[in-house]
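Novice: First, the structure itself, so that you have it in front of you.
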Amino acid sequence: MPVTATGILALVAMGLVVVASTVIGSIGTRARGTSDFLVASRTVGPAANAGAISGEYLSAASFLGVAGLILRDGVDALWYPVGYTAGYVALVLFVAAPLRRSGAYTVPDFAEARLRSPGLRKLCTAFVVIIGWLYLLPQLHGAGLTVETVTGLPAWTGAVTAAVVVVGTVVLGGMRSVTFVQAFQYWLKLTALILPAVFALIFFVNADRSFDRPAPPQFLDRTTVDIRTDVQLQVQFPVSVKVTGVITGPTGPPVVYTDDETRLVEGLNTVQAGAKLEFAGGAPVPVVAGAPVTDADWLTPYAAGREYGMLGTYSLIIATFLGTMGLPHVLVRFYTNPDGRAARRTAVIVLALLGAFYMVVTLLGALSRLYTPQLLVTGETDAAILLLPAAVLGTGPTGVVLAGIVAAGAWAAFLSTSSGLIVSVAGVLATDVLGSGKVRDFRIAAVVAGAVPLALSLGVTRLDFSEAVALVFAISASTFCPLLVLGIWWRGLTDVGAFAGVLVGGLLSAGAVTVALSGFVGPGWLGVLLYRPAIVSVPAAFLAMAVVSRLTAGRTPVDVDQVMLRLHAPERLGLSRDRLAERVRRPTG
Amino acid sequence: MSTTEHRSTGTIYEQVQASPEFADLRSRLRRFVFPVSAAFLAWYMAYVLLASYAPGFMSIKVAGNINVGLIIGLLQFVSTFAITTAYGLYASKHLDPAADRIRRQIEDAT
């Protein structure tokens, strides 16, 4: 496919993001040792730090995936952004301050400081790496999708470029530079969304369209839809279509069409990959099976046809609410604040930034139902935001420029989340696998940390971003959340108990994820639980941890009282380990 | 090195742990964190329950395309922000002064 003018501009915009990130990153390059890499010397102000946390947290799943889910599932998809935001509150209330005081930078560090168990530390290291890689997978995949959607180049070029740029930044700069790069990228992302949202809103208000009608969305103009992977369409309103390709109707055998007029009849129609469907302007849009068909249903929570909606939603809530605190790249960010007060200020700013971002994403998702309804046919709803500017403004100069800005914003989303993840994964690989805190080992580890998910992402053909990310949250909620919460708030926890809990939660959730990703679709509630294991695996992990700790009560560490006091005493008393270290370094302070 | 650290801080630990001021500080923290978490979770879960058992209520139109369900959904964002802000204010007003009092006490005693 030849690269269009829009594609070239988008490529330039994405190139500029890379250049700007590298320049900003190199400004801060004063790497002295691994701790500088990891905690940015604690010289970052709350506003920059909040921007960095948001930039890191708002991944491709937020940028593209949430809007895509809103487009397809409507009000029911609000749970994803709400959950991602709420998870942050749980982190602030239960974990952030005590973990800071423990002086541990990572979950493995915390496990060792609290329970003095090298075995538990190894297990935690393994899960940090698993979670990090699984979270990197959709980021790189998304980078590929963005490049493919806006330029027509093959998807792997995007994934490879993103991986190389991110690993390069991390290897050369460490976290001090990454912090400023990410703050820059947050603002870029927000700008990239607000501009098209303002334009789209103006059009939306003028067009006087309403969602509140018992009819499906309509194609605005004559639209040709390319089907890239097999889709099942739920047709409620029969529609005429000109087809080239293979369609299996609700009753009949597969029929081969060659530029023939036909009619999609009521029921389930399967369209094979490679088909081309041409719809007339004003025709009702057939939607992928499982999504609400009419606009009114789309606007109503739990409209008809969603089986086990409650079970799935509760499980999703548990995963997102409890999973955020275990994400390695989110935790380590709290150490980049100079003290607890600054950490709290940072948290408030972060919540405001997250809220603002998700409101805009939600709005864009709703608008894309009006302007890019063809994505409901292909099922590639993750591309909604990328296609929205051109759909609203046409292929004139304004549309092309906006499309470029949006592509740049999406690109920033992949880069920022990926670099945070690679720093975290490389950190634990360097200290726990390579066995030293040397800068050279950290750099080798960063390359490994990027190479593995890149290889995985090239092997995956299709991935629903928000679904993939929700699975990672489920693993994090089932392993690190019980360890952190019980470790901080319950003095009876033992090393064996913690080990058992992390193992039980990890095996249940990771097992479900593996089965779900391999494409197995279970019947009824089982199918829901495979995609949303948290409602089972999180309580199981807590229970295993509590019961086994009780059974091995004799193994409670001897210094548990001291450790607990250090976790809960206010840090301005000077009891925290790193505060002491700081006083040694600066006797006058 | 680690033994000296333990010995030197051990006395501070004991002093602080025994003091009523420290107990007061902990109870201040718990008085905020636990009720607020419970209220937040209840509000969070209420949306799901309302959506399941009161779809009529949730689809009441407020203005144009906006219904009650949508407003409650968006209010979830507002509430997360409100809670964090409240926590920041509470900590500055009630936790930090209490911590300062304890520190002054320790400094006076030593």
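Each chain in the structure tokens gets a letter, A, B, ..., in the order shown, and its residues are numbered from 1; ligands are numbered from 1 in order too.
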Could you give me, as a list of chain:residue names, each residue of stretch 49-78 of chain B that DSSP assigns to strand (DSSP E or B) when run on this structure's backbone?
Specialist: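 Put together, the selection reads B:Lys61, B:Val62, B:Ala63, B:Ile66, B:Asn67.
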Novice: Limited to N, CA, C and O atoms, could you put the picked residues into a file as an mmCIF file, in the first residue's frame?
Specialist:
```cif
data_model
loop_
_atom_site.group_PDB
_atom_site.id
_atom_site.type_symbol
_atom_site.label_atom_id
_atom_site.label_comp_id
_atom_site.auth_asym_id
_atom_site.auth_seq_id
_atom_site.Cartn_x
_atom_site.Cartn_y
_atom_site.Cartn_z
ATOM 1 N N LYS B 61 -33.536 10.155 31.700
ATOM 2 C CA LYS B 61 -32.809 11.179 30.948
ATOM 3 C C LYS B 61 -32.653 12.456 31.767
ATOM 4 O O LYS B 61 -33.570 12.878 32.455
ATOM 5 N N VAL B 62 -31.483 13.043 31.715
ATOM 6 C CA VAL B 62 -31.267 14.303 32.418
ATOM 7 C C VAL B 62 -31.262 15.451 31.414
ATOM 8 O O VAL B 62 -31.998 16.420 31.558
ATOM 9 N N ALA B 63 -30.449 15.322 30.406
ATOM 10 C CA ALA B 63 -30.397 16.340 29.362
ATOM 11 C C ALA B 63 -29.796 15.723 28.120
ATOM 12 O O ALA B 63 -28.714 15.139 28.175
ATOM 13 N N ILE B 66 -27.536 12.548 27.924
ATOM 14 C CA ILE B 66 -26.969 12.238 29.234
ATOM 15 C C ILE B 66 -28.045 11.661 30.148
ATOM 16 O O ILE B 66 -29.077 12.287 30.378
ATOM 17 N N ASN B 67 -27.806 10.432 30.650
ATOM 18 C CA ASN B 67 -28.759 9.840 31.598
ATOM 19 C C ASN B 67 -28.100 9.675 32.965
ATOM 20 O O ASN B 67 -26.910 9.935 33.142
#
```
Novice: Please identify every residue of chain B that has at least one atom no more than 7 Å from any atom of chain A, counting only C-alpha atoms, and report them as a ChimeraX atom specification.
Specialist: /B:13,33,51-52,59,65,70,73,76-77,80-81,84-85,88,99,103
Novice: Find, counting only C-alpha atoms, the residue in A:Ala48, A:Leu11, A:Ala544, A:Val560 that gets nearest to A:Ile488.
Specialist: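 Closest candidate: A:Val560.
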Novice: Just want the 10 Å neighbourhood of A:Thr258, counted on only C-alpha atoms, with same-chain residues fewer than 2 positions away dropped. Output as a list in words.
Specialist: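 The contact residues come out as Lys242, Val243, Thr244, Gly245, Val246, Val256, Asp260, Glu261, Ala275 and Lys276 of chain A.
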Novice: Deliver the residues from the most recent selection as a file, using all heavy atoms, as an mmCIF file, in the first residue's frame.
Specialist:
```cif
data_model
loop_
_atom_site.group_PDB
_atom_site.id
_atom_site.type_symbol
_atom_site.label_atom_id
_atom_site.label_comp_id
_atom_site.auth_asym_id
_atom_site.auth_seq_id
_atom_site.Cartn_x
_atom_site.Cartn_y
_atom_site.Cartn_z
ATOM 1 N N LYS A 242 -22.804 -4.352 -0.862
ATOM 2 C CA LYS A 242 -22.134 -4.878 -2.046
ATOM 3 C C LYS A 242 -20.892 -5.612 -1.549
ATOM 4 O O LYS A 242 -20.055 -5.021 -0.859
ATOM 5 C CB LYS A 242 -21.738 -3.715 -2.953
ATOM 6 C CG LYS A 242 -21.461 -4.134 -4.385
ATOM 7 C CD LYS A 242 -20.924 -2.952 -5.159
ATOM 8 C CE LYS A 242 -21.799 -2.607 -6.350
ATOM 9 N NZ LYS A 242 -21.257 -1.438 -7.089
ATOM 10 N N VAL A 243 -20.766 -6.890 -1.873
ATOM 11 C CA VAL A 243 -19.741 -7.721 -1.249
ATOM 12 C C VAL A 243 -18.778 -8.316 -2.260
ATOM 13 O O VAL A 243 -19.189 -8.761 -3.336
ATOM 14 C CB VAL A 243 -20.396 -8.895 -0.476
ATOM 15 C CG1 VAL A 243 -19.338 -9.676 0.288
ATOM 16 C CG2 VAL A 243 -21.477 -8.409 0.455
ATOM 17 N N THR A 244 -17.494 -8.316 -1.891
ATOM 18 C CA THR A 244 -16.520 -9.170 -2.565
ATOM 19 C C THR A 244 -15.894 -10.010 -1.459
ATOM 20 O O THR A 244 -15.240 -9.461 -0.574
ATOM 21 C CB THR A 244 -15.426 -8.346 -3.262
ATOM 22 O OG1 THR A 244 -16.072 -7.432 -4.137
ATOM 23 C CG2 THR A 244 -14.479 -9.232 -4.035
ATOM 24 N N GLY A 245 -16.130 -11.333 -1.469
ATOM 25 C CA GLY A 245 -15.607 -12.153 -0.390
ATOM 26 C C GLY A 245 -16.600 -13.219 0.016
ATOM 27 O O GLY A 245 -17.567 -13.488 -0.708
ATOM 28 N N VAL A 246 -16.357 -13.839 1.156
ATOM 29 C CA VAL A 246 -17.163 -14.984 1.579
ATOM 30 C C VAL A 246 -17.960 -14.626 2.837
ATOM 31 O O VAL A 246 -17.400 -14.149 3.819
ATOM 32 C CB VAL A 246 -16.261 -16.206 1.874
ATOM 33 C CG1 VAL A 246 -17.112 -17.422 2.206
ATOM 34 C CG2 VAL A 246 -15.348 -16.484 0.700
ATOM 35 N N VAL A 256 -19.871 -17.292 -1.901
ATOM 36 C CA VAL A 256 -18.793 -16.449 -2.419
ATOM 37 C C VAL A 256 -19.394 -15.359 -3.288
ATOM 38 O O VAL A 256 -20.184 -15.644 -4.188
ATOM 39 C CB VAL A 256 -17.793 -17.285 -3.249
ATOM 40 C CG1 VAL A 256 -16.648 -16.400 -3.722
ATOM 41 C CG2 VAL A 256 -17.281 -18.463 -2.440
ATOM 42 N N ASP A 260 -20.993 -8.314 -5.677
ATOM 43 C CA ASP A 260 -22.431 -8.545 -5.842
ATOM 44 C C ASP A 260 -23.220 -7.798 -4.774
ATOM 45 O O ASP A 260 -22.780 -7.662 -3.646
ATOM 46 C CB ASP A 260 -22.750 -10.045 -5.694
ATOM 47 C CG ASP A 260 -22.068 -10.866 -6.777
ATOM 48 O OD1 ASP A 260 -22.022 -10.387 -7.917
ATOM 49 O OD2 ASP A 260 -21.578 -11.964 -6.442
ATOM 50 N N GLU A 261 -24.410 -7.326 -5.181
ATOM 51 C CA GLU A 261 -25.344 -6.759 -4.198
ATOM 52 C C GLU A 261 -26.002 -7.914 -3.442
ATOM 53 O O GLU A 261 -26.433 -8.888 -4.041
ATOM 54 C CB GLU A 261 -26.448 -5.963 -4.926
ATOM 55 C CG GLU A 261 -26.008 -4.628 -5.455
ATOM 56 C CD GLU A 261 -25.854 -3.568 -4.361
ATOM 57 O OE1 GLU A 261 -26.287 -3.823 -3.222
ATOM 58 O OE2 GLU A 261 -25.294 -2.491 -4.657
ATOM 59 N N ALA A 275 -12.566 -10.119 3.011
ATOM 60 C CA ALA A 275 -13.763 -9.634 2.336
ATOM 61 C C ALA A 275 -13.784 -8.113 2.300
ATOM 62 O O ALA A 275 -13.173 -7.446 3.128
ATOM 63 C CB ALA A 275 -15.004 -10.163 3.045
ATOM 64 N N LYS A 276 -14.509 -7.578 1.299
ATOM 65 C CA LYS A 276 -14.697 -6.139 1.174
ATOM 66 C C LYS A 276 -16.206 -5.894 1.171
ATOM 67 O O LYS A 276 -16.924 -6.472 0.375
ATOM 68 C CB LYS A 276 -14.091 -5.709 -0.171
ATOM 69 C CG LYS A 276 -13.362 -4.391 -0.152
ATOM 70 C CD LYS A 276 -12.893 -4.063 -1.553
ATOM 71 C CE LYS A 276 -11.396 -4.114 -1.738
ATOM 72 N NZ LYS A 276 -10.624 -3.265 -0.848
#
```
Novice: Given the choices A:Phe184, A:Trp133, A:Phe480, A:Tyr531, which gets closest to A:Leu331 if the distance is worked out from only C-alpha atoms?
Specialist: A:Phe480
